[in-house]
Amino acid sequence: MKLARHWRGLPVATLCLAGAAAHAQPVTYALDPEHTRVHWEVLHYGTSTLRGRFDNLQGSVTLDRAARSGDVSISVDTASVSTGVSALDRVLRGNNFFMSNKHPQAYFVARQLRLDDGRVSEVRGELTLRGVGVPLTLRALTFGCRTDNAAQRELCGGDFEGELAQSDFGMTFGLSFTSDRVRLLVQVEGIRP
Amino acid sequence: VKTARCFKRRYVAGFAALSLAGAAWPEGALYQIDPTHASVTFEVSHLGLSTLRGRFARVEGTVMLDKAGRSARAEITLDTASLSTGAATLDAQLKAANFLNVAEFTSASFKADNFSFKDQNIVAVEGALTLRGKTLPVVLRATRFNCYFNLLFQREVCGGDFETTLERSRWGVGQAESLGLADSVRLLIQVEAIKQ
């Protein structure tokens with residue numbers, strides 16, 4: 001919580017790059033909630049992939065193309081976890097997993113962005129979940145920017161991928177039936193103000 | 001140890017199990033899909049920028065699997081209204097008449113009896129996907145397949161991950177560029193089924 005407040009006060013980041021040369025100043029993009037989502041995947045009994053996502057998140061991204069840097073801050077409402085199975089969602093919100101009552105939000109903050117040819121290719125930061133902070137690197141699978149025809153505003157977006165271990169956050173309850181390894185897939189789109 | 005078989009997924013809703021009775025099933029064991037471990041996720045590019053993912057959460061059906069004989073047959077139904085992307089506005093657009101039209105086409109179905117095996121594991125499934133009232137052939141590729149003894153159910157469970165890529169416009173789901181979404185849609189199917 002403290003962190004979250006802190007971040008909100010900061011200039012945040014931006015995602016875009018394509019027009020790199022045209023933008024000398026850092027630009028902060030607001031995340032589009034319809035097209036920004038955190039998905040996760042774990043292996044169930046070594047057999048099939050269980051998928052879930054977090055539906056509610058807030059944040060922004062600032063890109064400084066000239067400096068080839070930027071930063072990201074995102075907060076996720078852990079109670080918004082959704083697997084499509086409500087009984088499972090309740091378990092995930094509980095004390096064996098996300099402890100949503102005590103830790104209603106998870107945070108991802110990154111100030112190490114790698115830009116290649118004007119495109120975000122990697123984001124290194126820290127994920128805080130259940131009050132435990134763990135380094136997390138997200139790699140871009142796709143990234144690009146375009147001008148939205150209707151709004152005449154620049155949109156940037158991409159898909160990012162990362163890996164976590166449940167046990168790094170003290171979540172060991174599920175390890176007898178799911179993989180410790182969690183694959184994260186993050187869809188993100190940001191709109192230039 | 002038994003193996004394989006599988007289920008398919010997705011698209012259809014509801015009646016697979018009931019329809020078994022009158023069908024000519026191969027030899028083998030009957031497996032009922034575990035609705036808590038079966039779902040269909042779709043991935044489609046949005047504006048060429050990022051990948052929109054959504055899920056059909058309600059999947060039902062049965063699979064008859066003969067591992068020794070390396071044959072299987074499956075009938076799966078998916079509830080189209082169970083579509084969820086996590087964004088209500090988007091869900092409404094995808095369910096609308098000009099897209100999935102879930103009000104008229106409440107279920108999608110997948111029926112298959114052409115299974116490919118490697119040893120006793122299913123590696124591919126050729127079947128017919130009925131979506132928005134139109135039936136076309138689809139091949140699902142298994143990226144993972146396994147059977148195990150589930151302590152909770154005290155029964156064997158078989159399942160895996162399957163995927164395919166299709167062009168939604170062939171089933172009349174929207175226009176090629178509706179909602180800024182690409183025509184090409186990747187389906188990721190998680191399925192586990194419990195031996196009866």
# chains A, B, ... in the order shown; residues from 1 in each chain; ligands from 1
>>> interface_residues(of="chain B", to="chain A", cutoff="7 Å", atoms="only C-alpha atoms", output="ChimeraX atom specification")
/B:36,49-52,57,86-87,144-146,159-161,190-191
>>> select_by_dssp(residues="chain B", states="helix (DSSP H, G or I)", output="CSV table (one decimal) with N, CA and C atoms, in the first residue's frame")
chain,number,residue,atom,x,y,z
B,16,ALA,N,-23.5,-33.4,-24.7
B,16,ALA,CA,-22.7,-34.5,-25.2
B,16,ALA,C,-23.0,-35.8,-24.5
B,17,ALA,N,-23.1,-35.7,-23.2
B,17,ALA,CA,-23.2,-37.0,-22.5
B,17,ALA,C,-24.5,-37.7,-22.8
B,18,LEU,N,-25.5,-36.9,-23.0
B,18,LEU,CA,-26.8,-37.5,-23.2
B,18,LEU,C,-26.9,-38.2,-24.6
B,19,SER,N,-26.1,-37.6,-25.5
B,19,SER,CA,-26.2,-38.1,-26.9
B,19,SER,C,-25.4,-39.4,-27.0
B,80,THR,N,-21.6,-21.0,-25.2
B,80,THR,CA,-21.1,-19.8,-25.8
B,80,THR,C,-21.2,-18.6,-24.9
B,81,ALA,N,-22.3,-18.6,-24.1
B,81,ALA,CA,-22.5,-17.4,-23.2
B,81,ALA,C,-21.5,-17.4,-22.1
B,82,SER,N,-20.7,-18.5,-21.9
B,82,SER,CA,-19.7,-18.5,-20.8
B,82,SER,C,-18.5,-17.8,-21.2
B,88,ALA,N,-16.4,-6.4,-19.4
B,88,ALA,CA,-17.8,-6.6,-19.7
B,88,ALA,C,-18.2,-6.0,-21.1
B,89,THR,N,-17.7,-4.9,-21.4
B,89,THR,CA,-18.1,-4.2,-22.7
B,89,THR,C,-17.6,-5.1,-23.8
B,90,LEU,N,-16.4,-5.6,-23.7
B,90,LEU,CA,-15.9,-6.4,-24.8
B,90,LEU,C,-16.7,-7.7,-24.9
B,91,ASP,N,-17.0,-8.3,-23.7
B,91,ASP,CA,-17.8,-9.5,-23.8
B,91,ASP,C,-19.1,-9.3,-24.5
B,92,ALA,N,-19.7,-8.2,-24.2
B,92,ALA,CA,-21.0,-8.0,-24.9
B,92,ALA,C,-20.8,-7.8,-26.4
B,93,GLN,N,-19.8,-7.2,-26.8
B,93,GLN,CA,-19.5,-7.1,-28.3
B,93,GLN,C,-19.3,-8.4,-28.9
B,94,LEU,N,-18.5,-9.3,-28.2
B,94,LEU,CA,-18.2,-10.6,-28.8
B,94,LEU,C,-19.4,-11.5,-28.8
B,95,LYS,N,-20.3,-11.3,-27.9
B,95,LYS,CA,-21.5,-12.2,-27.8
B,95,LYS,C,-22.6,-11.7,-28.7
B,168,ARG,N,-12.0,-17.3,-38.0
B,168,ARG,CA,-13.3,-17.2,-37.4
B,168,ARG,C,-14.4,-16.8,-38.5
B,169,SER,N,-13.9,-16.1,-39.5
B,169,SER,CA,-14.9,-15.7,-40.6
B,169,SER,C,-15.5,-16.9,-41.3
B,170,ARG,N,-14.8,-18.0,-41.3
B,170,ARG,CA,-15.3,-19.2,-42.0
B,170,ARG,C,-16.6,-19.7,-41.3
B,171,TRP,N,-16.7,-19.4,-40.0
B,171,TRP,CA,-17.9,-19.8,-39.3
B,171,TRP,C,-18.9,-18.6,-39.2
B,178,SER,N,-13.4,-7.2,-37.6
B,178,SER,CA,-14.3,-6.7,-36.6
B,178,SER,C,-13.6,-6.4,-35.3
B,179,LEU,N,-14.0,-5.2,-34.7
B,179,LEU,CA,-13.5,-4.9,-33.4
B,179,LEU,C,-12.0,-4.8,-33.3
B,180,GLY,N,-11.3,-4.6,-34.5
B,180,GLY,CA,-9.9,-4.5,-34.5
B,180,GLY,C,-9.2,-5.9,-34.3
>>> select_by_dssp(residues="range 70-121 of chain B", states="strand (DSSP E)", output="VMD selection string")
chain B and resid 71 to 79 83 to 84 107 to 118 121
>>> residues_around(residues="Gly172 in chain B", least_positions_apart="5", cutoff="12 Å", atoms="only C-alpha atoms", output="list of chain:residue names")
B:Ala97, B:Asn98, B:Phe99, B:Leu100, B:Asn101, B:Phe105, B:Thr130, B:Leu131, B:Arg132, B:Gly133, B:Lys134, B:Thr135, B:Leu136, B:Leu166, B:Glu167, B:Ser178, B:Asp183
>>> write_last_selection(atoms="C-alpha atoms", output="mmCIF file, in the first residue's frame")
data_model
loop_
_atom_site.group_PDB
_atom_site.id
_atom_site.type_symbol
_atom_site.label_atom_id
_atom_site.label_comp_id
_atom_site.auth_asym_id
_atom_site.auth_seq_id
_atom_site.Cartn_x
_atom_site.Cartn_y
_atom_site.Cartn_z
ATOM 1 C CA ALA B 97 -25.602 -10.943 -33.049
ATOM 2 C CA ASN B 98 -22.983 -9.898 -35.586
ATOM 3 C CA PHE B 99 -20.278 -11.832 -33.824
ATOM 4 C CA LEU B 100 -20.859 -15.080 -31.898
ATOM 5 C CA ASN B 101 -24.585 -14.446 -31.649
ATOM 6 C CA PHE B 105 -26.418 -20.138 -30.979
ATOM 7 C CA THR B 130 -20.048 -26.593 -35.100
ATOM 8 C CA LEU B 131 -20.019 -22.915 -34.311
ATOM 9 C CA ARG B 132 -22.683 -20.342 -34.996
ATOM 10 C CA GLY B 133 -24.660 -23.098 -36.651
ATOM 11 C CA LYS B 134 -22.001 -23.971 -39.194
ATOM 12 C CA THR B 135 -19.980 -27.193 -39.161
ATOM 13 C CA LEU B 136 -16.446 -27.391 -40.546
ATOM 14 C CA LEU B 166 -8.798 -21.196 -37.301
ATOM 15 C CA GLU B 167 -10.254 -18.323 -39.243
ATOM 16 C CA SER B 178 -14.330 -6.667 -36.626
ATOM 17 C CA ASP B 183 -9.456 -13.192 -38.420
#
>>> residues_around(residues="Thr137 in chain A", least_positions_apart="6", cutoff="9 Å", atoms="only C-alpha atoms", output="ChimeraX atom specification")
/A:110,122-126,161-163
>>> write_last_selection(atoms="N, CA, C and O atoms", output="mmCIF file, in the first residue's frame")
data_model
loop_
_atom_site.group_PDB
_atom_site.id
_atom_site.type_symbol
_atom_site.label_atom_id
_atom_site.label_comp_id
_atom_site.auth_asym_id
_atom_site.auth_seq_id
_atom_site.Cartn_x
_atom_site.Cartn_y
_atom_site.Cartn_z
ATOM 1 N N ALA A 110 8.846 -1.386 -12.273
ATOM 2 C CA ALA A 110 10.072 -1.624 -13.036
ATOM 3 C C ALA A 110 10.631 -0.297 -13.521
ATOM 4 O O ALA A 110 9.887 0.561 -14.014
ATOM 5 N N GLU A 122 12.382 -5.641 -23.127
ATOM 6 C CA GLU A 122 12.484 -6.307 -21.830
ATOM 7 C C GLU A 122 12.200 -5.302 -20.721
ATOM 8 O O GLU A 122 12.578 -4.141 -20.811
ATOM 9 N N VAL A 123 11.540 -5.790 -19.688
ATOM 10 C CA VAL A 123 11.207 -4.950 -18.536
ATOM 11 C C VAL A 123 11.654 -5.686 -17.279
ATOM 12 O O VAL A 123 11.192 -6.795 -17.011
ATOM 13 N N ARG A 124 12.558 -5.076 -16.531
ATOM 14 C CA ARG A 124 13.038 -5.714 -15.309
ATOM 15 C C ARG A 124 12.550 -4.944 -14.115
ATOM 16 O O ARG A 124 12.726 -3.727 -14.033
ATOM 17 N N GLY A 125 11.942 -5.656 -13.198
ATOM 18 C CA GLY A 125 11.424 -4.974 -12.027
ATOM 19 C C GLY A 125 11.216 -5.934 -10.885
ATOM 20 O O GLY A 125 11.884 -6.958 -10.782
ATOM 21 N N GLU A 126 10.272 -5.566 -10.033
ATOM 22 C CA GLU A 126 9.994 -6.381 -8.857
ATOM 23 C C GLU A 126 8.494 -6.558 -8.712
ATOM 24 O O GLU A 126 7.726 -5.590 -8.818
ATOM 25 N N GLU A 161 6.029 -11.774 -21.459
ATOM 26 C CA GLU A 161 6.040 -13.103 -20.842
ATOM 27 C C GLU A 161 7.074 -13.138 -19.726
ATOM 28 O O GLU A 161 8.158 -12.558 -19.869
ATOM 29 N N GLY A 162 6.753 -13.821 -18.648
ATOM 30 C CA GLY A 162 7.705 -13.978 -17.551
ATOM 31 C C GLY A 162 7.426 -15.255 -16.785
ATOM 32 O O GLY A 162 6.444 -15.961 -17.050
ATOM 33 N N GLU A 163 8.288 -15.555 -15.845
ATOM 34 C CA GLU A 163 8.150 -16.773 -15.047
ATOM 35 C C GLU A 163 8.343 -16.473 -13.575
ATOM 36 O O GLU A 163 9.198 -15.677 -13.198
#
>>> atom_distance(atom1="CA of Gln152 in chain A", atom2="CA of Val173 in chain B")
27.9 Å
>>> residues_around(residues="Arg68 in chain A", least_positions_apart="2", cutoff="10 Å", atoms="only C-alpha atoms", output="CSV table (one decimal) with all heavy atoms, in the first residue's frame")
chain,number,residue,atom,x,y,z
A,17,LEU,N,7.2,3.3,-28.6
A,17,LEU,CA,8.4,3.6,-29.2
A,17,LEU,C,8.4,3.8,-30.6
A,17,LEU,O,9.4,4.3,-31.0
A,17,LEU,CB,9.1,2.5,-29.3
A,17,LEU,CG,8.5,1.7,-28.4
A,17,LEU,CD1,8.6,0.5,-29.0
A,17,LEU,CD2,9.3,1.9,-27.4
A,20,ALA,N,10.0,6.8,-32.2
A,20,ALA,CA,11.1,7.2,-31.3
A,20,ALA,C,11.7,8.6,-31.6
A,20,ALA,O,11.7,9.4,-30.7
A,20,ALA,CB,12.2,6.2,-31.4
A,26,PRO,N,9.8,12.4,-22.3
A,26,PRO,CA,9.2,11.1,-21.8
A,26,PRO,C,7.6,11.3,-22.0
A,26,PRO,O,7.1,12.4,-21.8
A,26,PRO,CB,9.5,11.1,-20.3
A,26,PRO,CG,10.7,12.0,-20.2
A,26,PRO,CD,10.6,13.0,-21.3
A,63,LEU,N,7.6,6.1,-21.2
A,63,LEU,CA,8.7,5.8,-22.1
A,63,LEU,C,9.5,7.1,-22.4
A,63,LEU,O,8.9,8.1,-22.8
A,63,LEU,CB,8.3,5.1,-23.4
A,63,LEU,CG,7.7,3.7,-23.3
A,63,LEU,CD1,7.4,3.2,-24.7
A,63,LEU,CD2,8.6,2.8,-22.6
A,64,ASP,N,10.7,7.0,-22.3
A,64,ASP,CA,11.6,8.1,-22.7
A,64,ASP,C,12.5,7.6,-23.8
A,64,ASP,O,13.5,6.9,-23.6
A,64,ASP,CB,12.5,8.5,-21.5
A,64,ASP,CG,13.3,9.8,-21.8
A,64,ASP,OD1,13.6,10.0,-23.0
A,64,ASP,OD2,13.8,10.4,-20.9
A,65,ARG,N,12.0,7.8,-25.0
A,65,ARG,CA,12.7,7.2,-26.1
A,65,ARG,C,14.1,7.7,-26.4
A,65,ARG,O,15.0,7.0,-26.7
A,65,ARG,CB,11.8,7.4,-27.4
A,65,ARG,CG,10.6,6.6,-27.3
A,65,ARG,CD,9.5,7.2,-28.2
A,65,ARG,NE,8.4,6.3,-28.4
A,65,ARG,CZ,7.2,6.8,-28.6
A,65,ARG,NH1,7.0,8.1,-28.6
A,65,ARG,NH2,6.2,6.0,-28.8
A,66,ALA,N,14.2,9.0,-26.1
A,66,ALA,CA,15.5,9.6,-26.3
A,66,ALA,C,16.6,9.0,-25.4
A,66,ALA,O,17.7,8.7,-25.8
A,66,ALA,CB,15.4,11.2,-26.1
A,70,GLY,N,12.6,4.1,-19.3
A,70,GLY,CA,11.2,4.3,-19.0
A,70,GLY,C,10.9,3.6,-17.7
A,70,GLY,O,11.8,3.1,-17.0
A,112,GLN,N,13.8,-0.6,-15.1
A,112,GLN,CA,14.8,-1.0,-16.1
A,112,GLN,C,14.1,-1.5,-17.3
A,112,GLN,O,13.7,-2.7,-17.4
A,112,GLN,CB,15.7,-2.1,-15.5
A,112,GLN,CG,16.6,-1.6,-14.4
A,112,GLN,CD,17.4,-2.7,-13.8
A,112,GLN,OE1,17.0,-3.4,-12.9
A,112,GLN,NE2,18.6,-2.9,-14.4
A,113,LEU,N,14.0,-0.7,-18.3
A,113,LEU,CA,13.4,-1.1,-19.6
A,113,LEU,C,14.5,-1.1,-20.6
A,113,LEU,O,15.3,-0.2,-20.7
A,113,LEU,CB,12.3,-0.1,-20.0
A,113,LEU,CG,10.9,-0.3,-19.4
A,113,LEU,CD1,10.9,-0.3,-17.9
A,113,LEU,CD2,9.9,0.6,-20.0
A,114,ARG,N,14.4,-2.2,-21.4
A,114,ARG,CA,15.4,-2.3,-22.5
A,114,ARG,C,14.6,-1.9,-23.8
A,114,ARG,O,13.5,-2.5,-24.1
A,114,ARG,CB,15.9,-3.7,-22.6
A,114,ARG,CG,17.0,-3.9,-23.6
A,114,ARG,CD,17.6,-5.2,-23.5
A,114,ARG,NE,18.3,-5.6,-24.7
A,114,ARG,CZ,18.7,-6.8,-25.0
A,114,ARG,NH1,18.6,-7.8,-24.1
A,114,ARG,NH2,19.3,-7.0,-26.2
A,115,LEU,N,15.2,-1.0,-24.5
A,115,LEU,CA,14.6,-0.6,-25.8
A,115,LEU,C,15.5,-1.0,-26.9
A,115,LEU,O,16.7,-0.7,-26.9
A,115,LEU,CB,14.4,0.9,-25.9
A,115,LEU,CG,13.5,1.5,-24.7
A,115,LEU,CD1,13.4,3.0,-25.0
A,115,LEU,CD2,12.2,0.8,-24.7
A,116,ASP,N,15.0,-1.8,-27.9
A,116,ASP,CA,15.8,-2.1,-29.1
A,116,ASP,C,15.1,-1.5,-30.3
A,116,ASP,O,14.0,-1.8,-30.5
A,116,ASP,CB,15.9,-3.6,-29.2
A,116,ASP,CG,16.8,-4.3,-28.1
A,116,ASP,OD1,17.7,-3.6,-27.6
A,116,ASP,OD2,16.5,-5.4,-27.7
A,117,ASP,N,15.9,-0.8,-31.0
A,117,ASP,CA,15.3,-0.1,-32.2
A,117,ASP,C,14.0,0.6,-31.9
A,117,ASP,O,13.0,0.5,-32.6
A,117,ASP,CB,15.1,-1.2,-33.3
A,117,ASP,CG,16.4,-1.7,-33.8
A,117,ASP,OD1,17.4,-1.0,-33.8
A,117,ASP,OD2,16.4,-2.9,-34.2
A,118,GLY,N,14.0,1.2,-30.8
A,118,GLY,CA,12.8,2.0,-30.4
A,118,GLY,C,11.6,1.1,-29.9
A,118,GLY,O,10.6,1.6,-29.6
A,119,ARG,N,11.9,-0.2,-29.7
A,119,ARG,CA,10.8,-1.0,-29.2
A,119,ARG,C,11.2,-1.6,-27.8
A,119,ARG,O,12.3,-2.0,-27.6
A,119,ARG,CB,10.5,-2.2,-30.1
A,119,ARG,CG,10.0,-1.8,-31.4
A,119,ARG,CD,9.9,-3.0,-32.4
A,119,ARG,NE,9.5,-2.5,-33.7
A,119,ARG,CZ,8.2,-2.4,-34.0
A,119,ARG,NH1,7.2,-2.7,-33.1
A,119,ARG,NH2,7.8,-2.0,-35.2
A,120,VAL,N,10.2,-1.6,-26.9
A,120,VAL,CA,10.4,-2.2,-25.6
A,120,VAL,C,10.7,-3.7,-25.8
A,120,VAL,O,9.8,-4.4,-26.4
A,120,VAL,CB,9.2,-2.0,-24.7
A,120,VAL,CG1,9.5,-2.7,-23.4
A,120,VAL,CG2,9.0,-0.5,-24.4
>>> closest_residue(among="A:Tyr107, A:Trp40, A:Gln166, A:Asp180", to="Gly59 in chain A", atoms="only C-alpha atoms")
A:Tyr107
>>> residues_around(residues="Leu187 in chain B", least_positions_apart="2", cutoff="8 Å", atoms="only C-alpha atoms", output="PDB file with N, CA, C and O atoms, in the first residue's frame")
ATOM      1  N   VAL B  40     -11.818 -23.534 -22.725  1.00  0.00           N
ATOM      2  CA  VAL B  40     -11.266 -23.163 -24.021  1.00  0.00           C
ATOM      3  C   VAL B  40     -10.865 -21.695 -23.963  1.00  0.00           C
ATOM      4  O   VAL B  40     -11.685 -20.830 -23.674  1.00  0.00           O
ATOM      5  N   THR B  41      -9.600 -21.441 -24.229  1.00  0.00           N
ATOM      6  CA  THR B  41      -9.097 -20.071 -24.278  1.00  0.00           C
ATOM      7  C   THR B  41      -8.842 -19.711 -25.734  1.00  0.00           C
ATOM      8  O   THR B  41      -8.286 -20.519 -26.483  1.00  0.00           O
ATOM      9  N   PHE B  42      -9.257 -18.515 -26.118  1.00  0.00           N
ATOM     10  CA  PHE B  42      -8.931 -18.067 -27.471  1.00  0.00           C
ATOM     11  C   PHE B  42      -7.955 -16.913 -27.397  1.00  0.00           C
ATOM     12  O   PHE B  42      -7.938 -16.140 -26.435  1.00  0.00           O
ATOM     13  N   GLU B  43      -7.133 -16.810 -28.423  1.00  0.00           N
ATOM     14  CA  GLU B  43      -6.171 -15.720 -28.542  1.00  0.00           C
ATOM     15  C   GLU B  43      -6.332 -15.102 -29.920  1.00  0.00           C
ATOM     16  O   GLU B  43      -6.347 -15.814 -30.923  1.00  0.00           O
ATOM     17  N   GLU B 163      -4.456 -27.616 -29.116  1.00  0.00           N
ATOM     18  CA  GLU B 163      -4.575 -26.307 -29.743  1.00  0.00           C
ATOM     19  C   GLU B 163      -4.829 -26.421 -31.234  1.00  0.00           C
ATOM     20  O   GLU B 163      -4.540 -27.438 -31.865  1.00  0.00           O
ATOM     21  N   THR B 164      -5.397 -25.362 -31.759  1.00  0.00           N
ATOM     22  CA  THR B 164      -5.596 -25.244 -33.195  1.00  0.00           C
ATOM     23  C   THR B 164      -5.735 -23.758 -33.520  1.00  0.00           C
ATOM     24  O   THR B 164      -5.948 -22.940 -32.621  1.00  0.00           O
ATOM     25  N   THR B 165      -5.563 -23.435 -34.783  1.00  0.00           N
ATOM     26  CA  THR B 165      -5.767 -22.055 -35.231  1.00  0.00           C
ATOM     27  C   THR B 165      -6.783 -22.085 -36.362  1.00  0.00           C
ATOM     28  O   THR B 165      -6.685 -22.911 -37.277  1.00  0.00           O
ATOM     29  N   LEU B 166      -7.761 -21.221 -36.272  1.00  0.00           N
ATOM     30  CA  LEU B 166      -8.798 -21.196 -37.301  1.00  0.00           C
ATOM     31  C   LEU B 166      -9.118 -19.753 -37.682  1.00  0.00           C
ATOM     32  O   LEU B 166      -8.717 -18.812 -37.007  1.00  0.00           O
ATOM     33  N   VAL B 185      -7.658 -16.993 -35.241  1.00  0.00           N
ATOM     34  CA  VAL B 185      -7.880 -17.180 -33.804  1.00  0.00           C
ATOM     35  C   VAL B 185      -7.210 -18.480 -33.374  1.00  0.00           C
ATOM     36  O   VAL B 185      -7.421 -19.527 -33.976  1.00  0.00           O
ATOM     37  N   ILE B 189      -6.916 -25.397 -25.553  1.00  0.00           N
ATOM     38  CA  ILE B 189      -7.923 -26.168 -24.853  1.00  0.00           C
ATOM     39  C   ILE B 189      -7.299 -26.963 -23.718  1.00  0.00           C
ATOM     40  O   ILE B 189      -6.409 -27.783 -23.947  1.00  0.00           O
TER      41      ILE B 189
END
>>> atom_distance(atom1="CA of Leu181 in chain B", atom2="CA of Ala140 in chain A")
20.0 Å
>>> closest_residue(among="B:Gly48, B:Pro137, B:Gly54, B:Gly61", to="Ile33 in chain B", atoms="only C-alpha atoms")
B:Gly61
>>> closest_residue(among="B:Leu65, B:Ala103, B:Leu140, B:Leu78", to="Ser39 in chain B", atoms="only C-alpha atoms")
B:Leu78
>>> decode(residues="range 104-120 of chain A", atoms="N, CA and C atoms", output="mmCIF file, in the first residue's frame")
data_model
loop_
_atom_site.group_PDB
_atom_site.id
_atom_site.type_symbol
_atom_site.label_atom_id
_atom_site.label_comp_id
_atom_site.auth_asym_id
_atom_site.auth_seq_id
_atom_site.Cartn_x
_atom_site.Cartn_y
_atom_site.Cartn_z
ATOM 1 N N PRO A 104 -4.603 -6.951 -0.480
ATOM 2 C CA PRO A 104 -5.557 -6.814 -1.594
ATOM 3 C C PRO A 104 -4.913 -6.516 -2.938
ATOM 4 N N GLN A 105 -3.684 -6.023 -2.913
ATOM 5 C CA GLN A 105 -3.066 -5.703 -4.196
ATOM 6 C C GLN A 105 -1.688 -6.329 -4.332
ATOM 7 N N ALA A 106 -1.365 -6.650 -5.546
ATOM 8 C CA ALA A 106 -0.003 -7.026 -5.911
ATOM 9 C C ALA A 106 0.539 -5.883 -6.767
ATOM 10 N N TYR A 107 1.858 -5.702 -6.725
ATOM 11 C CA TYR A 107 2.450 -4.566 -7.434
ATOM 12 C C TYR A 107 3.588 -5.025 -8.320
ATOM 13 N N PHE A 108 3.655 -4.456 -9.471
ATOM 14 C CA PHE A 108 4.831 -4.653 -10.316
ATOM 15 C C PHE A 108 5.395 -3.276 -10.626
ATOM 16 N N VAL A 109 6.638 -3.076 -10.247
ATOM 17 C CA VAL A 109 7.307 -1.801 -10.487
ATOM 18 C C VAL A 109 8.615 -2.093 -11.194
ATOM 19 N N ALA A 110 8.846 -1.386 -12.273
ATOM 20 C CA ALA A 110 10.072 -1.624 -13.036
ATOM 21 C C ALA A 110 10.631 -0.297 -13.521
ATOM 22 N N ARG A 111 11.917 -0.159 -13.366
ATOM 23 C CA ARG A 111 12.570 1.048 -13.889
ATOM 24 C C ARG A 111 13.703 0.692 -14.822
ATOM 25 N N GLN A 112 13.814 -0.573 -15.137
ATOM 26 C CA GLN A 112 14.844 -0.988 -16.095
ATOM 27 C C GLN A 112 14.146 -1.519 -17.337
ATOM 28 N N LEU A 113 14.010 -0.651 -18.303
ATOM 29 C CA LEU A 113 13.392 -1.060 -19.558
ATOM 30 C C LEU A 113 14.461 -1.117 -20.639
ATOM 31 N N ARG A 114 14.418 -2.170 -21.400
ATOM 32 C CA ARG A 114 15.361 -2.269 -22.500
ATOM 33 C C ARG A 114 14.622 -1.928 -23.783
ATOM 34 N N LEU A 115 15.198 -1.021 -24.538
ATOM 35 C CA LEU A 115 14.600 -0.620 -25.808
ATOM 36 C C LEU A 115 15.547 -1.014 -26.923
ATOM 37 N N ASP A 116 15.048 -1.754 -27.879
ATOM 38 C CA ASP A 116 15.833 -2.117 -29.052
ATOM 39 C C ASP A 116 15.149 -1.550 -30.277
ATOM 40 N N ASP A 117 15.869 -0.752 -31.016
ATOM 41 C CA ASP A 117 15.300 -0.130 -32.210
ATOM 42 C C ASP A 117 13.990 0.570 -31.883
ATOM 43 N N GLY A 118 13.966 1.225 -30.762
ATOM 44 C CA GLY A 118 12.775 1.977 -30.410
ATOM 45 C C GLY A 118 11.641 1.136 -29.863
ATOM 46 N N ARG A 119 11.867 -0.155 -29.662
ATOM 47 C CA ARG A 119 10.786 -0.998 -29.150
ATOM 48 C C ARG A 119 11.162 -1.550 -27.790
ATOM 49 N N VAL A 120 10.193 -1.596 -26.915
ATOM 50 C CA VAL A 120 10.442 -2.211 -25.609
ATOM 51 C C VAL A 120 10.662 -3.701 -25.821
#
